[in-house]
file data.pdb (PDB, C-alpha atoms)
ATOM      1  CA  MET A  68      87.776 -15.994  26.522
ATOM      2  CA  ASP A  69      87.125 -15.646  22.821
ATOM      3  CA  GLU A  70      86.763 -12.365  20.950
ATOM      4  CA  ALA A  71      82.953 -12.487  20.553
ATOM      5  CA  VAL A  72      82.454 -12.965  24.302
ATOM      6  CA  ILE A  73      84.945 -10.172  25.074
ATOM      7  CA  LYS A  74      83.115  -7.835  22.695
ATOM      8  CA  TYR A  75      79.737  -8.705  24.230
ATOM      9  CA  TYR A  76      81.070  -8.284  27.778
ATOM     10  CA  ARG A  77      82.592  -4.897  26.962
ATOM     11  CA  ARG A  78      79.235  -3.787  25.597
ATOM     12  CA  LEU A  79      77.584  -4.875  28.877
ATOM     13  CA  LEU A  80      80.172  -2.865  30.820
ATOM     14  CA  ARG A  81      79.348   0.220  28.747
ATOM     15  CA  THR A  82      75.557  -0.110  28.628
ATOM     16  CA  GLY A  83      74.852  -1.956  31.862
ATOM     17  CA  PHE A  84      73.733  -5.394  32.883
ATOM     18  CA  ASP A  85      70.016  -5.082  32.148
ATOM     19  CA  HIS A  86      68.924  -8.155  34.094
ATOM     20  CA  ALA A  87      71.153  -7.886  37.160
ATOM     21  CA  GLY A  88      69.265  -7.769  40.451
ATOM     22  CA  SER A  89      66.694  -9.826  42.263
ATOM     23  CA  ILE A  90      62.924 -10.326  42.424
ATOM     24  CA  GLN A  91      61.053 -10.459  45.706
ATOM     25  CA  ASN A  92      59.135 -13.753  46.062
ATOM     26  CA  PRO A  93      60.115 -15.216  42.676
ATOM     27  CA  SER A  94      58.045 -18.016  41.213
ATOM     28  CA  ILE A  95      61.276 -19.887  40.462
ATOM     29  CA  PHE A  96      64.559 -19.457  42.301
ATOM     30  CA  LEU A  97      67.660 -21.085  40.829
ATOM     31  CA  ASP A  98      70.819 -21.503  42.889
ATOM     32  CA  SER A  99      73.847 -22.957  41.117
ATOM     33  CA  VAL A 100      75.618 -23.812  44.379
ATOM     34  CA  GLY A 101      72.551 -25.451  45.922
ATOM     35  CA  GLU A 102      72.014 -27.453  42.751
ATOM     36  CA  GLY A 103      75.642 -28.514  42.640
ATOM     37  CA  ILE A 104      76.093 -27.046  39.172
ATOM     38  CA  ARG A 105      79.464 -25.285  39.112
ATOM     39  CA  PHE A 106      79.802 -23.244  35.949
ATOM     40  CA  CYS A 107      80.566 -19.742  37.218
ATOM     41  CA  GLY A 108      84.292 -20.141  37.629
ATOM     42  CA  GLY A 109      86.825 -21.913  39.748
ATOM     43  CA  ARG A 110      86.656 -19.970  43.003
ATOM     44  CA  PRO A 111      84.717 -21.415  45.954
ATOM     45  CA  ALA A 112      82.823 -18.116  46.357
ATOM     46  CA  ASP A 113      81.490 -18.134  42.772
ATOM     47  CA  TYR A 114      77.719 -18.485  42.498
ATOM     48  CA  MET A 115      74.735 -17.782  40.266
ATOM     49  CA  ASN A 116      71.229 -17.061  41.559
ATOM     50  CA  VAL A 117      68.439 -16.587  39.045
ATOM     51  CA  PHE A 118      65.017 -15.186  39.987
ATOM     52  CA  ILE A 119      62.085 -15.826  37.645
ATOM     53  CA  SER A 120      58.594 -14.347  37.900
ATOM     54  CA  VAL A 121      55.938 -16.464  36.173
ATOM     55  CA  SER A 122      52.337 -15.498  35.494
ATOM     56  CA  HIS A 123      49.917 -17.686  33.542
ATOM     57  CA  ASN A 124      52.814 -19.948  32.497
ATOM     58  CA  VAL A 125      54.743 -17.020  30.953
ATOM     59  CA  ILE A 126      58.053 -15.645  32.218
ATOM     60  CA  ARG A 127      57.203 -12.037  33.049
ATOM     61  CA  ASP A 128      60.569 -11.075  34.514
ATOM     62  CA  ILE A 129      63.965 -12.651  35.086
ATOM     63  CA  ARG A 130      66.865 -11.298  37.105
ATOM     64  CA  TYR A 131      70.133 -12.684  38.417
ATOM     65  CA  MET A 132      72.804 -12.079  41.008
ATOM     66  CA  CYS A 133      76.201 -13.673  40.640
ATOM     67  CA  SER A 134      79.858 -13.688  41.376
ATOM     68  CA  CYS A 135      81.147 -15.120  38.147
ATOM     69  CA  ASP A 136      83.630 -14.797  35.363
ATOM     70  CA  PRO A 137      82.784 -12.604  32.337
ATOM     71  CA  THR A 138      81.742 -15.554  30.151
ATOM     72  CA  ALA A 139      79.109 -16.623  32.698
ATOM     73  CA  ASN A 140      77.897 -12.997  32.962
ATOM     74  CA  VAL A 141      77.462 -12.849  29.199
ATOM     75  CA  ALA A 142      75.687 -16.223  29.140
ATOM     76  CA  VAL A 143      73.184 -15.311  31.876
ATOM     77  CA  GLU A 144      72.400 -11.936  30.285
ATOM     78  CA  VAL A 145      71.685 -13.716  27.007
ATOM     79  CA  LEU A 146      69.578 -16.329  28.825
ATOM     80  CA  CYS A 147      67.432 -13.538  30.277
ATOM     81  CA  ASP A 148      66.975 -11.951  26.845
ATOM     82  CA  LEU A 149      66.142 -15.302  25.254
ATOM     83  CA  ILE A 150      63.474 -16.475  27.694
ATOM     84  CA  LYS A 151      61.749 -13.352  29.025
ATOM     85  CA  GLY A 152      58.215 -13.303  27.639
ATOM     86  CA  LYS A 153      58.269 -16.986  26.705
ATOM     87  CA  THR A 154      56.181 -19.781  28.143
ATOM     88  CA  LEU A 155      57.933 -22.149  30.522
ATOM     89  CA  ASP A 156      57.895 -24.880  27.875
ATOM     90  CA  GLU A 157      59.437 -22.532  25.306
ATOM     91  CA  ALA A 158      62.066 -21.438  27.833
ATOM     92  CA  ALA A 159      62.944 -25.043  28.726
ATOM     93  CA  ALA A 160      63.294 -25.819  25.018
ATOM     94  CA  THR A 161      65.911 -23.079  24.508
ATOM     95  CA  THR A 162      69.024 -24.564  22.952
ATOM     96  CA  GLN A 163      72.693 -23.764  23.170
ATOM     97  CA  ASN A 164      72.538 -22.755  19.511
ATOM     98  CA  SER A 165      70.302 -19.829  20.517
ATOM     99  CA  PHE A 166      73.104 -18.575  22.786
ATOM    100  CA  PHE A 167      75.768 -19.108  20.143
ATOM    101  CA  LYS A 168      73.755 -17.160  17.577
ATOM    102  CA  ALA A 169      73.063 -14.263  19.986
ATOM    103  CA  ILE A 170      76.700 -13.978  21.048
ATOM    104  CA  GLY A 171      78.366 -14.941  17.789
ATOM    105  CA  SER A 172      80.543 -17.629  19.324
ATOM    106  CA  ARG A 173      80.694 -21.371  19.818
ATOM    107  CA  GLY A 174      83.700 -21.204  22.125
ATOM    108  CA  GLU A 175      84.412 -24.106  24.451
ATOM    109  CA  GLU A 176      84.111 -22.005  27.613
ATOM    110  CA  LEU A 177      80.793 -20.551  26.442
ATOM    111  CA  GLN A 178      79.527 -24.051  25.726
ATOM    112  CA  LYS A 179      80.265 -25.073  29.344
ATOM    113  CA  LYS A 180      78.504 -22.003  30.747
ATOM    114  CA  THR A 181      75.409 -22.346  28.596
ATOM    115  CA  LYS A 182      75.154 -26.060  29.332
ATOM    116  CA  GLY A 183      75.219 -25.336  33.087
ATOM    117  CA  LEU A 184      72.652 -22.560  32.762
ATOM    118  CA  MET A 185      70.316 -24.731  30.708
ATOM    119  CA  GLU A 186      70.574 -27.565  33.219
ATOM    120  CA  LEU A 187      69.824 -25.151  36.052
ATOM    121  CA  LEU A 188      66.835 -23.705  34.177
ATOM    122  CA  GLU A 189      65.432 -27.126  33.279
ATOM    123  CA  ARG A 190      65.571 -28.242  36.919
ATOM    124  CA  GLY A 191      63.812 -25.101  38.116
ATOM    125  CA  VAL A 192      61.071 -25.261  35.488
ATOM    126  CA  THR A 193      60.481 -28.948  36.219
ATOM    127  CA  ARG A 194      60.189 -28.271  39.961
ATOM    128  CA  TYR A 195      57.808 -25.378  39.350
ATOM    129  CA  GLN A 196      55.609 -27.358  36.975
ATOM    130  CA  THR A 197      55.576 -30.397  39.269
ATOM    131  CA  ALA A 198      54.616 -28.266  42.287
ATOM    132  CA  GLY A 199      51.855 -26.619  40.231
ATOM    133  CA  ARG A 200      50.373 -29.973  39.293
ATOM    134  CA  GLN A 201      50.436 -31.085  42.933
ATOM    135  CA  ASN A 202      48.607 -27.903  44.003
ATOM    136  CA  SER A 203      45.945 -28.163  41.283
TER     137      SER A 203
END
call {"tool": "encode", "arguments": {"input": "data.pdb", "output": "structure tokens"}}
result
Amino acid sequence: MDEAVIKYYRRLLRTGFDHAGSIQNPSIFLDSVGEGIRFCGGRPADYMNVFISVSHNVIRDIRYMCSCDPTANVAVEVLCDLIKGKTLDEAAATTQNSFFKAIGSRGEELQKKTKGLMELLERGVTRYQTAGRQNS
């Protein structure tokens, strides 16, 4: 783990994980294990669940529950900060560079985590938008 991620994680330990938790009846539910996207660590029990509440195409709230390594915890906290309040299209267009700028690192491990998170998010947004078109 590189120094910028360690510093960010230590800050989270001191101030709290603002987006940890769940949302009842989320508009979008993301499950890293169910999607077959393993980016939380090497243990079989590692997982990432992300709960997104959408209203009028805008992400109103985002929460997560996970059993992950510190780098994945940092990445998902930053993801929540980056996309809350954005439209689904804006959220899906979030780039890894946004993470790197927020954290102050381009470390290899962080790149793997953010890539997995972005893939998970893109799948969930696509499913949500496709289901919405079918119900219109």
call {"tool": "resolve_selection", "arguments": {"input": "data.pdb", "expression": "the PyMOL selection byres ((chain A and resi 121) around 10)", "output": "list in words"}}
result
Pro93, Ser94, Ile95, Phe118, Ile119, Ser120, Ser122, His123, Asn124, Val125, Ile126, Arg127, Asp128, Ile129, Lys151, Gly152, Lys153, Thr154, Leu155 and Tyr195 of chain A
call {"tool": "atom_distance", "arguments": {"input": "data.pdb", "atom1": "CA of Glu144 in chain A", "atom2": "CA of Pro111 in chain A"}}
result
22.1 Å
call {"tool": "resolve_selection", "arguments": {"input": "data.pdb", "expression": "the PyMOL selection byres ((chain A and resi 164) around 12)", "output": "list in words"}}
result
Val145, Leu146, Leu149, Ala160, Thr161, Thr162, Gln163, Ser165, Phe166, Phe167, Lys168, Ala169, Ile170, Gly171, Ser172, Arg173, Gly174, Leu177, Gln178, Thr181, Lys182 and Met185 of chain A
call {"tool": "resolve_selection", "arguments": {"input": "data.pdb", "expression": "the PyMOL selection byres ((chain A and resi 107) around 7)", "output": "PyMOL selection string"}}
result
chain A and resi 105-106+108+113-115+135-136+139
call {"tool": "atom_distance", "arguments": {"input": "data.pdb", "atom1": "CA of Gly191 in chain A", "atom2": "CA of Glu175 in chain A"}}
result
24.7 Å
call {"tool": "closest_residue", "arguments": {"input": "data.pdb", "among": "A:Asn116, A:Val143, A:Gln196, A:Leu184", "to": "Gly101 in chain A", "atoms": "only C-alpha atoms"}}
result
A:Asn116
call {"tool": "atom_distance", "arguments": {"input": "data.pdb", "atom1": "CA of Arg78 in chain A", "atom2": "CA of Val141 in chain A"}}
result
9.9 Å
call {"tool": "closest_residue", "arguments": {"input": "data.pdb", "among": "A:Ala198, A:Ile150, A:Arg77, A:Val117", "to": "Leu97 in chain A", "atoms": "only C-alpha atoms"}}
result
A:Val117
call {"tool": "residues_around", "arguments": {"input": "data.pdb", "residues": "Ala159 in chain A", "least_positions_apart": "5", "cutoff": "8 Å", "atoms": "all atoms listed in the file", "output": "PyMOL selection string"}}
result
chain A and resi 185+188-189+192
call {"tool": "decode", "arguments": {"input": "data.pdb", "residues": "range 88-163 of chain A", "atoms": "C-alpha atoms", "output": "PDB file, in the first residue's frame"}}
result
ATOM      1  CA  GLY A  88     -23.883   1.089   5.722  1.00  0.00           C
ATOM      2  CA  SER A  89     -26.785   0.027   3.584  1.00  0.00           C
ATOM      3  CA  ILE A  90     -29.941   1.458   2.008  1.00  0.00           C
ATOM      4  CA  GLN A  91     -33.281  -0.296   2.252  1.00  0.00           C
ATOM      5  CA  ASN A  92     -34.708  -1.027  -1.225  1.00  0.00           C
ATOM      6  CA  PRO A  93     -31.874   0.572  -3.221  1.00  0.00           C
ATOM      7  CA  SER A  94     -32.480   1.540  -6.822  1.00  0.00           C
ATOM      8  CA  ILE A  95     -29.188  -0.145  -7.731  1.00  0.00           C
ATOM      9  CA  PHE A  96     -27.528  -2.944  -5.794  1.00  0.00           C
ATOM     10  CA  LEU A  97     -23.974  -3.904  -6.731  1.00  0.00           C
ATOM     11  CA  ASP A  98     -22.445  -7.166  -5.537  1.00  0.00           C
ATOM     12  CA  SER A  99     -18.805  -7.785  -6.426  1.00  0.00           C
ATOM     13  CA  VAL A 100     -19.039 -11.519  -5.712  1.00  0.00           C
ATOM     14  CA  GLY A 101     -22.250 -11.967  -7.703  1.00  0.00           C
ATOM     15  CA  GLU A 102     -20.733 -10.049 -10.597  1.00  0.00           C
ATOM     16  CA  GLY A 103     -17.552 -12.090 -10.465  1.00  0.00           C
ATOM     17  CA  ILE A 104     -15.431  -8.981  -9.994  1.00  0.00           C
ATOM     18  CA  ARG A 105     -12.798  -9.789  -7.370  1.00  0.00           C
ATOM     19  CA  PHE A 106     -11.000  -6.632  -6.327  1.00  0.00           C
ATOM     20  CA  CYS A 107     -11.446  -6.551  -2.552  1.00  0.00           C
ATOM     21  CA  GLY A 108      -8.543  -8.777  -1.640  1.00  0.00           C
ATOM     22  CA  GLY A 109      -7.418 -12.346  -1.849  1.00  0.00           C
ATOM     23  CA  ARG A 110      -9.559 -14.024   0.796  1.00  0.00           C
ATOM     24  CA  PRO A 111     -12.631 -16.023  -0.265  1.00  0.00           C
ATOM     25  CA  ALA A 112     -14.779 -14.105   2.253  1.00  0.00           C
ATOM     26  CA  ASP A 113     -13.910 -10.679   0.791  1.00  0.00           C
ATOM     27  CA  TYR A 114     -16.844  -8.847  -0.775  1.00  0.00           C
ATOM     28  CA  MET A 115     -18.164  -5.416  -1.707  1.00  0.00           C
ATOM     29  CA  ASN A 116     -21.856  -4.497  -1.768  1.00  0.00           C
ATOM     30  CA  VAL A 117     -22.836  -1.029  -2.928  1.00  0.00           C
ATOM     31  CA  PHE A 118     -26.340   0.403  -2.449  1.00  0.00           C
ATOM     32  CA  ILE A 119     -27.410   3.346  -4.612  1.00  0.00           C
ATOM     33  CA  SER A 120     -30.602   5.382  -4.281  1.00  0.00           C
ATOM     34  CA  VAL A 121     -31.622   7.111  -7.520  1.00  0.00           C
ATOM     35  CA  SER A 122     -34.335   9.719  -7.956  1.00  0.00           C
ATOM     36  CA  HIS A 123     -35.028  11.485 -11.251  1.00  0.00           C
ATOM     37  CA  ASN A 124     -31.809  10.026 -12.703  1.00  0.00           C
ATOM     38  CA  VAL A 125     -29.680  11.533  -9.897  1.00  0.00           C
ATOM     39  CA  ILE A 126     -27.784   9.558  -7.260  1.00  0.00           C
ATOM     40  CA  ARG A 127     -29.337  10.779  -4.016  1.00  0.00           C
ATOM     41  CA  ASP A 128     -27.460   8.452  -1.679  1.00  0.00           C
ATOM     42  CA  ILE A 129     -24.791   5.774  -1.889  1.00  0.00           C
ATOM     43  CA  ARG A 130     -23.647   3.389   0.818  1.00  0.00           C
ATOM     44  CA  TYR A 131     -21.512   0.268   0.953  1.00  0.00           C
ATOM     45  CA  MET A 132     -20.791  -2.763   3.076  1.00  0.00           C
ATOM     46  CA  CYS A 133     -17.602  -4.713   2.578  1.00  0.00           C
ATOM     47  CA  SER A 134     -14.977  -7.004   3.912  1.00  0.00           C
ATOM     48  CA  CYS A 135     -11.978  -5.660   2.083  1.00  0.00           C
ATOM     49  CA  ASP A 136      -8.426  -4.505   2.345  1.00  0.00           C
ATOM     50  CA  PRO A 137      -7.700  -0.841   3.198  1.00  0.00           C
ATOM     51  CA  THR A 138      -7.041   0.153  -0.428  1.00  0.00           C
ATOM     52  CA  ALA A 139     -10.505  -1.051  -1.479  1.00  0.00           C
ATOM     53  CA  ASN A 140     -12.048   0.791   1.506  1.00  0.00           C
ATOM     54  CA  VAL A 141     -10.355   4.004   0.422  1.00  0.00           C
ATOM     55  CA  ALA A 142     -11.426   3.500  -3.202  1.00  0.00           C
ATOM     56  CA  VAL A 143     -15.103   2.897  -2.365  1.00  0.00           C
ATOM     57  CA  GLU A 144     -15.244   5.890  -0.008  1.00  0.00           C
ATOM     58  CA  VAL A 145     -13.840   8.066  -2.787  1.00  0.00           C
ATOM     59  CA  LEU A 146     -16.300   6.556  -5.284  1.00  0.00           C
ATOM     60  CA  CYS A 147     -19.180   7.562  -3.002  1.00  0.00           C
ATOM     61  CA  ASP A 148     -17.842  11.115  -2.694  1.00  0.00           C
ATOM     62  CA  LEU A 149     -17.293  11.380  -6.446  1.00  0.00           C
ATOM     63  CA  ILE A 150     -20.717  10.234  -7.634  1.00  0.00           C
ATOM     64  CA  LYS A 151     -23.217  11.273  -4.957  1.00  0.00           C
ATOM     65  CA  GLY A 152     -25.386  14.030  -6.407  1.00  0.00           C
ATOM     66  CA  LYS A 153     -24.427  13.231  -9.997  1.00  0.00           C
ATOM     67  CA  THR A 154     -26.644  11.935 -12.762  1.00  0.00           C
ATOM     68  CA  LEU A 155     -26.245   8.284 -13.680  1.00  0.00           C
ATOM     69  CA  ASP A 156     -24.524   9.260 -16.928  1.00  0.00           C
ATOM     70  CA  GLU A 157     -22.089  11.515 -15.062  1.00  0.00           C
ATOM     71  CA  ALA A 158     -21.420   8.752 -12.528  1.00  0.00           C
ATOM     72  CA  ALA A 159     -20.792   6.167 -15.265  1.00  0.00           C
ATOM     73  CA  ALA A 160     -18.380   8.594 -16.927  1.00  0.00           C
ATOM     74  CA  THR A 161     -16.230   8.893 -13.780  1.00  0.00           C
ATOM     75  CA  THR A 162     -12.635   8.051 -14.608  1.00  0.00           C
ATOM     76  CA  GLN A 163      -9.803   6.494 -12.682  1.00  0.00           C
TER      77      GLN A 163
END
